[in-house]
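**Student:** Below you'll find the structure I mean.
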Amino acid sequence: MTSLLIITVVVLLGIAIWQLTKIFDLTQVGSGSKDASSEIANEKDNNINGYLNFAFLGFIYVFTIFNLVKYGSFPLMSDSASEHGETVDNLMWISMGLIGFTQIFTQFLLYWFAFKGRGIKGRKALYFSDNDKLEAIWTIIPVITLSGLILYGLFAWNDIMFVDEEEDVLIVEVYAKQFGWDVRYSGKDNVLGKANVRFIEGINVVGVDMADPNSYDDQMATELHLPLGKKVVLKFRSQDVLHSAYLPHFRAQMNCVPGMVTQFAFTPTITTADMRSREAMVSKVRNINKIRAERSQELAAAGQETLDPYEFDYLILCNKICGASHYNMQIKVVVETQDEFDTWVNALPTLGSQLAQTKEEVNTSDEFAQVVK
């Protein structure tokens with residue numbers, strides 16, 4: 001009710017101001033500023049509006065710069081942790097630079113021509129149906145610019161995605177489902193076993209086909225660990241709907257499509273520990289924890305559970321709105337040295353041994369049930 005009253009008052013106040021301006025216009029009869037019986041602007045009005053246009057243009061520039069400095073993050077794109085990340089960042093810088101230059105230049109032209117073509121007594125508007133030179137300029141320049149950006153992007157994409165058959169790479173599967181991720185390592189043979197959603201049962205959460213000999217040494221994990229400096233081929237599948245695996249610090253993103261396998265290749269260049277120790281990251285974590293601490297005080301005062309301190313981790317996020325808990329669909333990524341990775345992955349049980357153990361437990365349970373019976 002209070003909100004409705006406030007809105008009503010604001011609307012009535014606006015109407016009152018509008019009526020006052022009309023009364024003010026009526027009181028200007030005979031002032032000489034313009035014909036009292038006419039609503040046609042004179043040269044003075046046109047000049048004023050022209051200069052006001054330039055004032056508004058200046059406001060746009062100042063406001064843009066203020067927002068970049070106040071709310072922007074400088075330096076931008078400084079946390080790339082993959083070999084191809086620099087190429088992606090360069091492409092982004094070039095794109096943003098061209099967009100910024102075009103915005104500044106075209107906005108200036110817009111207001112300049114509005115001022116230059118303002119109404120002046122005795123001036124007639126110049127009309128022409130077309131201008132081949134102008135049309136060629138504003139067609140050819142964008143074509144050349146966009147073609148350059150597209151070619152740069154295509155070459156960068158091919159360099160990133162090309163994997164030589166003889167190249168030593170680590171093959172890992174990332175399996176998407178509402179609302180989480182499962183990770184499957186390819187084992188000592190570095191070959192993933194076949195999989196299908198129809199085989200999902202019990203601990204076989206990604207539907208691995210155990211009839212395939214390559215499946216027995218596959219290893220399941222709840223975190224994605226990657227060795228520093230080794231090229232990784234991530235293969236993606238989806239159990240239900242369209243997801244998108246987004247690894248922001250590795251400048252990698254790939255759709256996870258039900259019924260098909262997609263992939264993305266990259267080489268990690270910065271360990272998790274090294275990224276945490278970077279000055280920019282330390283400052284960012286400090287600011288986040290300051291906000292969380294203030295929020296925790298509010299929660300504690302309300303008798304609710306407080307927030308734990310934030311610690312930086314690489315993450316895989318879902319970049320498609322895939323359902324009610326989409327926001328919570330993430331998994332930790334750990335980049336470590338080769339020795340640390342080998343120690344961690346060798347401690348993971350193989351899927352074959354896990355299924356054999358589960359089958360043995362079931363058989364033992366059945367035998368016990370028979371004895372009791």
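Each chain of the structure tokens is named A, B, ... in the order shown, its residues numbered from 1; ligands are numbered from 1 in display order.
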Any idea what's packed within 9 Å of Gln253 of chain A, counting only C-alpha atoms, ignoring anything in its chain fewer than 3 positions away? Could you give it as a PyMOL selection string?
**Tutor:** chain A and resi 244-248+250+264+319
**Student:** I'd like the neighbourhood of segment 276-280 of chain A as an MDAnalysis selection string, where a residue qualifies if any of its atoms comes within 10 Å (using only C-alpha atoms), though same-chain residues fewer than 4 positions away should be ignored.
**Tutor:** chainID A and resid 74:75 78:79 270:272 284:286 311:314
**Student:** Residues as selected, N, CA and C atoms, written as a compact mmCIF listing (two decimals), in the first residue's frame, can you do that?
**Tutor:**
```txt
# COMPACT_ATOMS: atom_id res chain seq x y z
N PHE A 74 41.11 -3.37 -13.82
CA PHE A 74 42.37 -3.14 -14.52
C PHE A 74 43.51 -3.81 -13.77
N PRO A 75 44.46 -4.52 -14.41
CA PRO A 75 44.38 -4.78 -15.85
C PRO A 75 43.40 -5.88 -16.17
N SER A 78 44.08 -10.60 -17.06
CA SER A 78 45.47 -10.83 -16.67
C SER A 78 45.66 -12.16 -15.97
N ASP A 79 44.62 -13.01 -15.96
CA ASP A 79 44.70 -14.24 -15.18
C ASP A 79 44.64 -15.49 -16.06
N ILE A 270 49.87 -22.49 -15.26
CA ILE A 270 50.04 -21.95 -13.90
C ILE A 270 49.37 -22.89 -12.91
N THR A 271 50.10 -23.34 -11.92
CA THR A 271 49.51 -24.22 -10.92
C THR A 271 48.53 -23.44 -10.05
N THR A 272 47.68 -24.17 -9.38
CA THR A 272 46.71 -23.53 -8.47
C THR A 272 47.45 -22.76 -7.38
N LYS A 284 42.31 -9.70 -4.78
CA LYS A 284 40.92 -10.05 -5.09
C LYS A 284 40.30 -10.90 -3.99
N VAL A 285 41.06 -11.91 -3.51
CA VAL A 285 40.56 -12.79 -2.44
C VAL A 285 40.35 -11.99 -1.16
N ARG A 286 41.25 -11.04 -0.88
CA ARG A 286 41.13 -10.21 0.32
C ARG A 286 39.83 -9.40 0.26
N GLU A 311 38.63 -19.15 -0.70
CA GLU A 311 39.97 -19.47 -1.18
C GLU A 311 39.88 -19.73 -2.67
N PHE A 312 40.79 -19.16 -3.43
CA PHE A 312 40.72 -19.28 -4.89
C PHE A 312 40.92 -20.72 -5.34
N ASP A 313 40.11 -21.12 -6.30
CA ASP A 313 40.26 -22.39 -7.00
C ASP A 313 39.87 -22.19 -8.45
N TYR A 314 40.56 -22.89 -9.35
CA TYR A 314 40.05 -22.98 -10.72
C TYR A 314 38.74 -23.76 -10.67
```
**Student:** Env of Glu305 of chain A: 8 Å cut, atoms = only C-alpha atoms, seq-sep filter 4 positions within chain, self excluded. Answer as a ChimeraX atom specification.
**Tutor:** /A:296,299-300
**Student:** Put those residues in a file: N, CA and C atoms, as a tab-separated table (two decimals), in the first residue's frame.
**Tutor:**
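Written file, part-v6.tsv:
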```tsv
chain	number	residue	atom	x	y	z
A	296	SER	N	28.82	-12.15	7.07
A	296	SER	CA	28.77	-13.13	8.16
A	296	SER	C	28.32	-12.48	9.47
A	299	LEU	N	24.64	-12.23	9.29
A	299	LEU	CA	24.01	-13.54	9.46
A	299	LEU	C	24.08	-14.01	10.92
A	300	ALA	N	25.24	-13.76	11.55
A	300	ALA	CA	25.39	-14.15	12.95
A	300	ALA	C	24.41	-13.40	13.84
```
**Student:** With distances taken over only C-alpha atoms, which of A:Leu52, A:Asn204, A:Asn255, A:Asp274 is nearest to Tyr111 of chain A?
**Tutor:** A:Leu52
**Student:** Excluding Gly119 of chain A and any residue of its chain fewer than 3 positions from it, enumerate the residues within 8 Å of it, using only C-alpha atoms, and give them as JSON, numbers by chain.
**Tutor:** {"A": [42, 43, 46, 123]}
**Student:** Considering only C-alpha atoms, return as a PDB file with C-alpha atoms, in the first residue's frame whatever protein or nucleic-acid residues lie within 12 Å of Asn346 of chain A, sequence-local ones (same chain, fewer than 3 positions apart) excluded.
**Tutor:**
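Final output, saved to result.pdb:
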```pdb
ATOM      1  CA  TYR A 185      40.282 -40.509 -16.379  1.00  0.00           C
ATOM      2  CA  SER A 186      41.363 -42.802 -19.171  1.00  0.00           C
ATOM      3  CA  GLY A 187      43.742 -44.896 -17.037  1.00  0.00           C
ATOM      4  CA  LYS A 188      47.155 -46.261 -17.976  1.00  0.00           C
ATOM      5  CA  ASP A 217      41.316 -49.119 -16.072  1.00  0.00           C
ATOM      6  CA  ASP A 218      39.172 -45.955 -16.282  1.00  0.00           C
ATOM      7  CA  GLN A 219      39.109 -43.987 -13.019  1.00  0.00           C
ATOM      8  CA  MET A 220      36.304 -41.847 -11.579  1.00  0.00           C
ATOM      9  CA  ALA A 221      36.927 -38.632  -9.616  1.00  0.00           C
ATOM     10  CA  HIS A 225      43.288 -32.610 -11.513  1.00  0.00           C
ATOM     11  CA  GLN A 338      53.458 -33.832 -12.841  1.00  0.00           C
ATOM     12  CA  ASP A 339      54.721 -35.694  -9.759  1.00  0.00           C
ATOM     13  CA  GLU A 340      51.837 -34.441  -7.629  1.00  0.00           C
ATOM     14  CA  PHE A 341      49.377 -35.385 -10.336  1.00  0.00           C
ATOM     15  CA  ASP A 342      50.839 -38.885 -10.736  1.00  0.00           C
ATOM     16  CA  THR A 343      50.608 -39.478  -6.988  1.00  0.00           C
ATOM     17  CA  PRO A 349      40.704 -46.986  -7.904  1.00  0.00           C
ATOM     18  CA  THR A 350      39.942 -48.296 -11.365  1.00  0.00           C
TER      19      THR A 350
END
```
**Student:** Rank nothing, just name the residue among A:Gly148, A:Gly193, A:Pro258, A:Gly122 nearest to Ala176 of chain A, using only C-alpha atoms.
**Tutor:** A:Pro258
**Student:** Please list as a PDB file with N, CA and C atoms, in the first residue's frame every residue within 6 Å of Gly207 of chain A, counting only C-alpha atoms and excluding residues in the same chain fewer than 2 positions away.
**Tutor:**
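The new file out03.pdb reads:
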```pdb
ATOM      1  N   ALA A 195      30.851 -45.572 -23.675  1.00  0.00           N
ATOM      2  CA  ALA A 195      29.862 -45.271 -22.639  1.00  0.00           C
ATOM      3  C   ALA A 195      28.523 -44.949 -23.277  1.00  0.00           C
ATOM      4  N   ASN A 196      27.471 -45.195 -22.515  1.00  0.00           N
ATOM      5  CA  ASN A 196      26.115 -44.901 -22.957  1.00  0.00           C
ATOM      6  C   ASN A 196      25.254 -44.715 -21.715  1.00  0.00           C
ATOM      7  N   VAL A 197      24.325 -43.780 -21.779  1.00  0.00           N
ATOM      8  CA  VAL A 197      23.501 -43.499 -20.606  1.00  0.00           C
ATOM      9  C   VAL A 197      22.677 -44.713 -20.173  1.00  0.00           C
ATOM     10  N   PHE A 199      23.725 -47.574 -19.613  1.00  0.00           N
ATOM     11  CA  PHE A 199      24.499 -48.414 -18.695  1.00  0.00           C
ATOM     12  C   PHE A 199      24.639 -47.790 -17.310  1.00  0.00           C
ATOM     13  N   ILE A 200      24.032 -46.640 -17.081  1.00  0.00           N
ATOM     14  CA  ILE A 200      24.140 -45.986 -15.776  1.00  0.00           C
ATOM     15  C   ILE A 200      23.431 -46.824 -14.717  1.00  0.00           C
ATOM     16  N   ASN A 204      28.403 -46.920 -11.443  1.00  0.00           N
ATOM     17  CA  ASN A 204      28.686 -46.600 -12.840  1.00  0.00           C
ATOM     18  C   ASN A 204      27.842 -45.389 -13.243  1.00  0.00           C
ATOM     19  N   VAL A 205      28.213 -44.218 -12.712  1.00  0.00           N
ATOM     20  CA  VAL A 205      27.371 -43.021 -12.800  1.00  0.00           C
ATOM     21  C   VAL A 205      27.435 -42.342 -14.162  1.00  0.00           C
TER      22      VAL A 205
END
```
**Student:** Kindly indicate which residue among A:Glu135, A:Thr222, A:Ala265, A:Ser95 lies nearest to Phe162 of chain A, using only C-alpha atoms for the distances.
**Tutor:** A:Ala265
